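Text of model-v6.txt (compact mmCIF, C-alpha atoms) as supplied:
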# COMPACT_ATOMS: atom_id res chain seq x y z
CA MET A 1 123.93 113.75 181.27
CA SER A 2 125.91 110.82 179.85
CA ASP A 3 128.45 108.95 181.99
CA TYR A 4 131.18 110.16 179.63
CA HIS A 5 130.73 113.73 180.83
CA THR A 6 131.58 113.13 184.49
CA ALA A 7 134.52 115.00 186.02
CA GLU A 8 136.38 111.68 186.46
CA ASN A 9 136.04 110.77 182.79
CA LYS A 10 137.04 114.26 181.66
CA GLU A 11 140.22 113.86 183.72
CA LEU A 12 140.96 110.52 182.03
CA PHE A 13 140.79 112.10 178.58
CA LYS A 14 143.28 114.85 179.43
CA PRO A 15 146.58 114.12 177.72
CA LYS A 16 149.28 112.79 180.03
CA LYS A 17 152.87 113.52 179.17
CA VAL A 18 155.27 110.56 179.50
CA ARG A 19 158.92 110.19 178.62
CA VAL A 20 160.23 107.52 176.27
CA TRP A 21 163.15 105.72 177.91
CA GLY A 22 165.75 103.35 176.49
CA LYS A 23 164.44 100.66 174.15
CA GLY A 24 161.18 102.60 173.71
CA GLN A 25 159.92 102.09 177.27
CA ILE A 26 157.31 104.43 178.74
CA THR A 27 155.70 104.69 182.16
CA ILE A 28 151.91 104.50 182.23
CA PRO A 29 150.54 107.00 184.78
CA VAL A 30 149.36 105.32 187.99
CA GLU A 31 145.73 106.50 187.70
CA ILE A 32 145.45 104.85 184.28
CA ARG A 33 147.11 101.63 185.48
CA GLU A 34 144.78 101.42 188.47
CA LYS A 35 141.66 102.17 186.42
CA LEU A 36 142.53 99.45 183.88
CA GLY A 37 143.93 96.91 186.35
CA ILE A 38 147.40 96.95 184.79
CA LYS A 39 149.94 95.49 187.19
CA GLU A 40 153.61 94.56 186.99
CA ASP A 41 154.15 91.87 184.34
CA SER A 42 150.78 92.62 182.69
CA TYR A 43 150.73 92.36 178.92
CA LEU A 44 149.35 95.06 176.64
CA GLU A 45 148.31 94.88 173.01
CA VAL A 46 149.75 97.85 171.11
CA PHE A 47 148.36 99.22 167.85
CA GLN A 48 149.29 102.10 165.59
CA ILE A 49 146.44 104.11 164.13
CA GLY A 50 147.81 106.95 162.02
CA ARG A 51 150.12 108.90 164.31
CA ALA A 52 148.47 107.52 167.46
CA ILE A 53 149.64 104.60 169.59
CA ILE A 54 146.86 102.64 171.28
CA ALA A 55 147.70 100.23 174.12
CA THR A 56 145.02 98.00 175.64
CA PRO A 57 145.27 95.40 178.41
CA GLU A 58 145.52 91.95 176.88
CA ARG A 59 142.98 89.45 178.11
CA LEU A 60 144.77 86.16 178.11
CA ALA A 61 141.77 83.93 177.38
CA VAL A 62 143.82 80.74 177.34
CA LYS A 63 145.46 81.54 180.68
CA GLU A 64 142.11 82.49 182.22
CA LEU A 65 140.55 79.29 180.93
CA SER A 66 143.46 77.25 182.25
CA ASP A 67 143.29 78.94 185.67
CA ASN A 68 139.53 78.34 185.90
CA PHE A 69 139.93 74.73 184.82
CA GLN A 70 142.67 74.12 187.41
CA LYS A 71 140.51 75.74 190.12
CA GLU A 72 137.56 73.48 189.23
CA MET A 73 139.81 70.41 189.31
CA LEU A 74 141.09 71.32 192.78
CA GLU A 75 137.59 72.05 194.11
CA ASN A 76 136.31 68.70 192.80
CA ASP A 77 139.33 66.68 193.96
CA MET A 78 140.15 65.78 190.37
CA ASN A 79 143.63 65.11 189.05
CA LEU A 80 144.64 64.98 185.41
CA GLU A 81 144.88 61.18 185.31
CA LYS A 82 141.38 60.80 186.75
CA LEU A 83 140.01 63.38 184.32
CA LEU A 84 141.57 61.67 181.29
CA GLN A 85 140.25 58.30 182.46
CA GLU A 86 136.70 59.66 182.75
CA LEU A 87 136.94 61.28 179.32
CA ARG A 88 138.06 57.97 177.77
CA GLU A 89 135.29 55.95 179.42
CA GLY A 90 132.43 57.74 177.78
CA GLU A 91 129.21 58.84 179.45
CA HIS A 92 129.32 62.55 180.07
CA VAL A 93 126.71 64.87 181.47
CA TYR A 94 127.16 68.48 180.43
CA GLU A 95 125.65 71.35 182.38
CA THR A 96 124.64 74.59 180.73
CA ASP A 97 123.93 77.95 182.30
Will you turn the file into structure tokens for me?
Amino acid sequence: MSDYHTAENKELFKPKKVRVWGKGQITIPVEIREKLGIKEDSYLEVFQIGRAIIATPERLAVKELSDNFQKEMLENDMNLEKLLQELREGEHVYETD
């Protein structure tokens, strides 16, 4: 049997009734928020398809890249000035996975 036919997935596809509040705000049911990792201040991308509204968690690629870059700089004791100096001076060794 396919993973889509599990009891948990069947529950996810049951319609959930939510109320539209002022300025078009809705509350996303907790089980959906937890399953998708939606937290306070998360951003969603919202689309209209016919009479349906589709909302998906936005993956902020630039923010993720920036966070990863900052983490690498901290782990390698690198500050922005040092990084820029090395970039200007030339010889670079690039690692690939």
Extract, using all atoms listed in the file, all DNA, RNA and protein residues at most 9 Å from Arg59 (chain A), discarding same-chain residues fewer than 3 positions from it, and format them as JSON, numbers by chain.
{"A": [43, 44, 62, 63, 64]}
What would the file look like if the residues just selected were written as a compact mmCIF listing (two decimals), keeping the file's coordinate frame with C-alpha atoms?
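In the end it all went to selection.txt:
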# COMPACT_ATOMS: atom_id res chain seq x y z
CA TYR A 43 150.73 92.36 178.92
CA LEU A 44 149.35 95.06 176.64
CA VAL A 62 143.82 80.74 177.34
CA LYS A 63 145.46 81.54 180.68
CA GLU A 64 142.11 82.49 182.22
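Proximity to Lys17 (chain A) was assessed for A:Leu83, A:Ala52, A:Pro29, A:Gln70 counting only C-alpha atoms; the smallest distance is recorded for A:Pro29.
Once Lys39 (chain A) and its same-chain neighbours fewer than 6 positions away are set aside, Val30, Arg33 and Pro57 of chain A remain within 10 Å of it when counting all atoms listed in the file.
In this model, the gap between CA of Leu36 (chain A) and CA of Thr56 (chain A) comes to 8.7 Å.
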Interatomic distance between CA of Ile49 (chain A) and CA of Gly37 (chain A)?
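The value is 23.5 Å.
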Hey, can you check how far CA of Pro15 (chain A) sits from CA of Gly50 (chain A)?
17.3 Å
Neighbours of Val46 (chain A) within 8 Å (only C-alpha atoms; same-chain residues fewer than 6 positions away dropped), as a ChimeraX atom specification?
/A:53-56
Residues just named, written with C-alpha atoms as a compact mmCIF listing (two decimals), in the frame of the given file:
# COMPACT_ATOMS: atom_id res chain seq x y z
CA ILE A 53 149.64 104.60 169.59
CA ILE A 54 146.86 102.64 171.28
CA ALA A 55 147.70 100.23 174.12
CA THR A 56 145.02 98.00 175.64
